[in-house]
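Student: Input file: entry20.pdb. Contents: PDB, C-alpha atoms.
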ATOM      1  CA  MET A   5      94.237 127.112 109.722
ATOM      2  CA  ARG A   6      92.989 123.793 108.369
ATOM      3  CA  VAL A   7      89.399 123.842 107.126
ATOM      4  CA  TYR A   8      87.245 121.005 105.853
ATOM      5  CA  VAL A   9      84.965 121.868 102.947
ATOM      6  CA  PRO A  10      81.984 119.547 102.343
ATOM      7  CA  LEU A  11      81.258 118.676  98.715
ATOM      8  CA  THR A  12      79.805 116.000  96.488
ATOM      9  CA  LEU A  13      81.705 114.228  93.710
ATOM     10  CA  SER A  14      80.043 116.515  91.158
ATOM     11  CA  GLY A  15      81.059 119.520  93.285
ATOM     12  CA  LEU A  16      84.626 118.218  93.359
ATOM     13  CA  ALA A  17      84.554 117.816  89.567
ATOM     14  CA  GLU A  18      83.389 121.432  89.214
ATOM     15  CA  ALA A  19      86.120 122.624  91.601
ATOM     16  CA  HIS A  20      88.675 120.685  89.573
ATOM     17  CA  ARG A  21      87.478 122.332  86.323
ATOM     18  CA  ALA A  22      87.375 125.807  87.878
ATOM     19  CA  GLY A  23      90.590 125.466  89.879
ATOM     20  CA  GLU A  24      88.873 126.663  93.029
ATOM     21  CA  LEU A  25      86.405 125.443  95.623
ATOM     22  CA  GLY A  26      84.320 128.569  95.198
ATOM     23  CA  THR A  27      84.432 132.305  95.243
ATOM     24  CA  GLY A  28      83.270 132.588  98.841
ATOM     25  CA  PRO A  29      81.994 132.856 101.325
ATOM     26  CA  LEU A  30      82.190 129.085 101.684
ATOM     27  CA  VAL A  31      80.815 126.972 104.495
ATOM     28  CA  ALA A  32      83.554 124.808 105.972
ATOM     29  CA  TYR A  33      84.386 123.162 109.281
ATOM     30  CA  ALA A  34      87.385 123.703 111.523
ATOM     31  CA  VAL A  35      88.541 123.425 115.107
ATOM     32  CA  THR A  36      86.621 126.277 116.714
ATOM     33  CA  PRO A  37      86.324 127.161 120.415
ATOM     34  CA  ALA A  38      82.786 125.720 120.452
ATOM     35  CA  LEU A  39      83.995 122.460 118.876
ATOM     36  CA  ARG A  40      86.781 122.241 121.463
ATOM     37  CA  GLU A  41      84.279 122.723 124.273
ATOM     38  CA  TRP A  42      81.835 120.193 122.829
ATOM     39  CA  TYR A  43      84.470 117.540 122.107
ATOM     40  CA  LEU A  44      86.233 117.967 125.468
ATOM     41  CA  SER A  45      89.713 117.224 124.185
ATOM     42  CA  ASP A  46      92.971 119.079 123.825
ATOM     43  CA  ASP A  47      94.376 116.571 121.322
ATOM     44  CA  ILE A  48      94.560 118.495 118.042
ATOM     45  CA  GLU A  49      94.401 115.321 115.940
ATOM     46  CA  GLU A  50      91.168 114.279 117.651
ATOM     47  CA  LEU A  51      89.746 117.762 117.206
ATOM     48  CA  GLU A  52      90.693 117.813 113.501
ATOM     49  CA  TYR A  53      89.010 114.417 113.113
ATOM     50  CA  ALA A  54      85.877 115.801 114.783
ATOM     51  CA  ALA A  55      85.874 118.762 112.360
ATOM     52  CA  LEU A  56      86.315 116.348 109.432
ATOM     53  CA  ASN A  57      83.331 114.329 110.654
ATOM     54  CA  ARG A  58      81.218 117.483 110.951
ATOM     55  CA  ALA A  59      82.104 118.267 107.323
ATOM     56  CA  ALA A  60      81.208 114.694 106.315
ATOM     57  CA  LEU A  61      77.758 115.194 107.847
ATOM     58  CA  ALA A  62      77.434 118.455 105.896
ATOM     59  CA  SER A  63      78.392 116.543 102.741
ATOM     60  CA  LEU A  64      75.613 114.073 103.532
ATOM     61  CA  ARG A  65      73.228 117.046 103.712
ATOM     62  CA  LEU A  66      74.383 118.116 100.237
ATOM     63  CA  LEU A  67      73.673 114.591  98.977
ATOM     64  CA  ALA A  68      70.209 114.666 100.557
ATOM     65  CA  ALA A  69      69.481 117.873  98.625
ATOM     66  CA  ASP A  70      70.780 116.448  95.320
ATOM     67  CA  PRO A  71      69.285 113.046  94.481
ATOM     68  CA  ALA A  72      71.292 112.885  91.227
ATOM     69  CA  ALA A  73      74.679 113.114  92.982
ATOM     70  CA  ALA A  74      76.780 109.982  93.452
ATOM     71  CA  ARG A  75      76.149 108.657  96.954
ATOM     72  CA  ARG A  76      79.633 109.260  98.331
ATOM     73  CA  ARG A  77      80.521 111.937 100.863
ATOM     74  CA  VAL A  78      83.407 114.230  99.874
ATOM     75  CA  VAL A  79      85.426 116.551 102.091
ATOM     76  CA  VAL A  80      88.341 118.683 100.927
ATOM     77  CA  ALA A  81      90.904 119.597 103.585
ATOM     78  CA  ALA A  82      92.534 122.941 102.823
ATOM     79  CA  ASP A  83      94.835 125.356 104.554
ATOM     80  CA  VAL A  84      93.791 128.990 104.768
ATOM     81  CA  PRO A  85      95.464 131.929 106.496
ATOM     82  CA  ASP A  86      94.379 132.611 110.067
ATOM     83  CA  GLY A  87      91.518 135.061 109.935
ATOM     84  CA  ALA A  88      90.319 133.869 106.513
ATOM     85  CA  ALA A  89      87.787 131.610 108.226
ATOM     86  CA  ALA A  90      85.504 132.749 111.014
ATOM     87  CA  ALA A  91      82.736 131.164 113.048
ATOM     88  CA  ASP A  92      79.395 132.960 113.292
ATOM     89  CA  PRO A  93      79.323 134.249 116.895
ATOM     90  CA  ASP A  94      75.519 134.037 116.952
ATOM     91  CA  ARG A  95      75.624 130.298 116.163
ATOM     92  CA  GLY A  96      78.657 129.339 118.237
ATOM     93  CA  LEU A  97      76.731 127.202 120.712
ATOM     94  CA  ASP A  98      74.149 125.887 118.245
ATOM     95  CA  PRO A  99      74.749 122.092 118.130
ATOM     96  CA  ALA A 100      73.997 122.082 114.394
ATOM     97  CA  ALA A 101      76.758 124.635 113.772
ATOM     98  CA  LEU A 102      79.582 123.147 115.867
ATOM     99  CA  GLY A 103      82.839 123.703 114.009
ATOM    100  CA  GLU A 104      81.143 125.607 111.199
ATOM    101  CA  VAL A 105      83.101 128.497 109.733
ATOM    102  CA  ARG A 106      82.775 130.778 106.726
ATOM    103  CA  VAL A 107      85.785 131.138 104.459
ATOM    104  CA  ALA A 108      85.915 134.580 102.903
ATOM    105  CA  GLY A 109      87.032 135.036  99.334
ATOM    106  CA  PRO A 110      87.985 132.419  96.792
ATOM    107  CA  LEU A 111      89.627 129.189  97.915
ATOM    108  CA  PRO A 112      91.987 127.926  95.199
ATOM    109  CA  LEU A 113      92.075 124.160  94.851
ATOM    110  CA  ALA A 114      95.869 124.514  95.033
ATOM    111  CA  LYS A 115      95.399 125.236  98.768
ATOM    112  CA  ALA A 116      93.905 121.783  99.255
ATOM    113  CA  ALA A 117      95.998 119.454 101.381
ATOM    114  CA  ALA A 118      93.949 116.295 100.770
ATOM    115  CA  VAL A 119      90.585 114.966  99.697
ATOM    116  CA  HIS A 120      88.528 112.541 101.793
ATOM    117  CA  VAL A 121      85.940 110.417  99.962
ATOM    118  CA  ASP A 122      83.757 107.438 100.813
ATOM    119  CA  SER A 123      84.763 104.145  99.242
ATOM    120  CA  ALA A 124      82.409 102.646  96.669
ATOM    121  CA  ASP A 125      81.224 100.066  99.196
ATOM    122  CA  ALA A 126      79.758 102.856 101.345
ATOM    123  CA  GLU A 127      77.381 104.065  98.623
ATOM    124  CA  THR A 128      74.410 101.955  99.725
ATOM    125  CA  ASP A 129      74.620 103.084 103.354
ATOM    126  CA  VAL A 130      75.318 106.711 102.408
ATOM    127  CA  GLY A 131      72.399 106.735  99.968
ATOM    128  CA  ALA A 132      70.064 105.289 102.601
ATOM    129  CA  ALA A 133      71.262 107.885 105.119
ATOM    130  CA  ALA A 134      70.710 110.750 102.668
ATOM    131  CA  GLU A 135      67.124 109.603 102.146
ATOM    132  CA  VAL A 136      66.260 109.571 105.866
ATOM    133  CA  LEU A 137      68.372 112.509 107.048
ATOM    134  CA  ALA A 138      65.393 114.849 107.420
ATOM    135  CA  ALA A 139      63.573 112.268 109.546
ATOM    136  CA  ALA A 140      66.689 111.797 111.688
ATOM    137  CA  ASP A 141      66.893 115.560 112.168
ATOM    138  CA  GLY A 142      63.270 115.446 113.293
ATOM    139  CA  GLY A 143      64.069 112.963 116.046
ATOM    140  CA  ASP A 144      63.238 109.639 114.358
ATOM    141  CA  ASP A 145      65.450 107.081 116.142
ATOM    142  CA  ASP A 146      65.238 104.517 113.331
ATOM    143  CA  ALA A 147      66.341 107.127 110.798
ATOM    144  CA  GLN A 148      69.170 108.210 113.090
ATOM    145  CA  PHE A 149      70.319 104.577 113.221
ATOM    146  CA  VAL A 150      70.559 104.597 109.401
ATOM    147  CA  VAL A 151      72.515 107.881 109.436
ATOM    148  CA  ASP A 152      74.857 106.459 112.072
ATOM    149  CA  GLY A 153      75.415 103.471 109.781
ATOM    150  CA  ALA A 154      76.761 105.770 107.075
ATOM    151  CA  GLU A 155      78.971 107.517 109.619
ATOM    152  CA  ASP A 156      80.506 104.143 110.485
ATOM    153  CA  HIS A 157      82.253 104.252 107.098
ATOM    154  CA  GLU A 158      85.624 105.979 107.308
ATOM    155  CA  LEU A 159      86.387 108.452 104.560
ATOM    156  CA  LEU A 160      89.408 107.449 102.513
ATOM    157  CA  TRP A 161      92.347 109.835 102.146
ATOM    158  CA  TYR A 162      93.463 110.926  98.684
ATOM    159  CA  ALA A 163      96.310 113.189  97.640
ATOM    160  CA  THR A 164      95.258 116.214  95.614
ATOM    161  CA  GLN A 165      97.078 114.737  92.598
ATOM    162  CA  GLU A 166      94.459 111.959  92.627
ATOM    163  CA  ILE A 167      91.500 114.331  92.105
ATOM    164  CA  PRO A 168      91.357 113.713  88.312
ATOM    165  CA  ASN A 169      90.936 109.981  88.992
ATOM    166  CA  LEU A 170      88.172 110.640  91.528
ATOM    167  CA  VAL A 171      86.104 112.789  89.218
TER
END
Mind turning this structure into structure tokens?

Tutor:
Amino acid sequence: MRVYVPLTLSGLAEAHRAGELGTGPLVAYAVTPALREWYLSDDIEELEYAALNRAALASLRLLAADPAAARRRVVVAADVPDGAAAADPDRGLDPAALGEVRVAGPLPLAKAAAVHVDSADAETDVGAAAEVLAAADGGDDDAQFVVDGAEDHELLWYATQEIPNLV
């Protein structure tokens, strides 16, 4: 199963030093039944992209909680055995938890398939979005417009061998 783990650049640096994304349980995003139902598609590539975007939003939440972090969203795509990641059945239909899974146990960085990171030119929009994310969550349309502006930036794909250059 492919999971998408939201991080920050400092979190990626720590994972690189430690050799693992964490000891678990980790919050990640994947193609879950609720995500399939919400996205209304059977195209696995579209569903994977939706899960990646959910993880990018979670990365933005991490940035909002850490004002010192570089203003670039980071998502690590990793492959885990089926059953190693599970959705919370009590939150399955919660719109805020669509695609959210918990990965049990440690997740070695060697299991990473790729890293997705904002380009440097997205930093201004991502930083602005991180600052107004709470207001957007509260229903502020202007703040949501700013968050949507950050989401307009596509995350760039990096091979795992490029992680040392990213951090």

Student: Written as a ChimeraX atom specification, what is the full residue list that the PyMOL selection byres ((chain A and resi 40-42) around 9) yields on the file shown?

Tutor: /A:35-39,43-46,51,97,99,102-103

Student: Report, in Å with one decimal, the straight-line distance from atom CA of A:Gly26 to atom CA of A:Ala163.

Tutor: 19.7 Å

Student: Please, what distance in Å, to one decimal, runs between atom CA of A:Ala134 and atom CA of A:Ala54?

Tutor: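 Going from atom CA of A:Ala134 over to atom CA of A:Ala54, I get 20.1 Å.
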
Student: With a distance cut-off of 12 Å and all atoms listed in the file, select the neighbouring residues of A:Gly153, excluding the residue or stretch itself and same-chain residues fewer than 5 positions from it, and output the selection as a ChimeraX atom specification.

Tutor: /A:126-134,136-137,146-148,158

Student: Please give the centre and size of the box around stretch 83-88 of chain A (axis-aligned, containing every atom listed in the file, 6 Å added per side), with values in Å to one decimal and written as AutoDock Vina command-line options.

Tutor:
--center_x 92.9 --center_y 130.2 --center_z 107.3 --size_x 17.1 --size_y 21.7 --size_z 17.5

Student: Have a look at A:Leu61, A:Leu11, A:Ala32, A:Ala139 and name the one nearest to A:Ala154; count all atoms listed in the file.

Tutor: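 Ranking A:Leu61, A:Leu11, A:Ala32, A:Ala139 by distance to A:Ala154, first place goes to A:Leu61.
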
Student: Need the shell around A:Asn57: protein/DNA/RNA residues with any atom at most 10 Å away, counting only C-alpha atoms. Skip same-chain ones fewer than 6 positions apart. Format as a ChimeraX atom specification?

Tutor: /A:8,10,33,51,63,79,103,155,158-159

Student: Could you jot down the atom CA of A:Ala72 to atom CA of A:Val7 separation for me, Å, one decimal place?

Tutor: 26.5 Å

Student: Tell me which residues come within 6 Å of (76.7, 122.9, 108.9), as a VMD selection string, counting all atoms listed in the file in the file's coordinates.

Tutor: chain A and resid 62 101 104

Student: Please, which residues are within 7 Å of (94.9, 120.5, 110.3) by the file's coordinates, counting all atoms listed in the file, and could they come as a PyMOL selection string?

Tutor: chain A and resi 5-6+52

Student: Looking at A:Glu135, A:Glu24, A:Asp122, A:Asp145, which one is nearest to A:Trp161, with distances taken over only C-alpha atoms?

Tutor: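 The shortest atom-to-atom distance to A:Trp161 comes from A:Asp122.
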
Student: For A:Leu113, work out the shell of residues within 10 Å, counting all atoms listed in the file and skipping chain neighbours fewer than 6 positions away, then give it as a list in words.

Tutor: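 Once the adjacent positions are removed, what remains is Leu16, Ala19, His20, Arg21, Ala22, Gly23, Glu24, Leu25, Gly26, Val80, Ala81, Ala82 and Thr164 of chain A.
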
Student: Can you work out which one of A:Leu160, A:Val119, A:Ala108, A:Leu170 has the shortest atom-to-atom distance to A:Asp86, counting only C-alpha atoms?

Tutor: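 Closest candidate: A:Ala108.
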
Student: Translate the PyMOL selection byres ((chain A and resi 28) around 7) into a concrete residue list for this structure, as an MDAnalysis selection string.

Tutor: chainID A and resid 26:27 29:30 107:110

Student: Which residue gives the smallest distance to A:Leu66 among A:Val31, A:Ala118, A:Val171, A:Val105, with all atoms listed in the file counted?

Tutor: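 Looking only at the distances to A:Leu66, the closest residue turns out to be A:Val31.
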
Student: Which residue is closest to A:Ile167? Choose from A:Ala60, A:Asp47, A:Pro85, A:Ala117 and count only C-alpha atoms.

Tutor: A:Ala117

Student: Using all atoms listed in the file, which of A:Ala68, A:Ala90, A:Ala17, A:Val9 sits nearest A:Ala138?

Tutor: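 Smallest separation from A:Ala138 among the options: A:Ala68.
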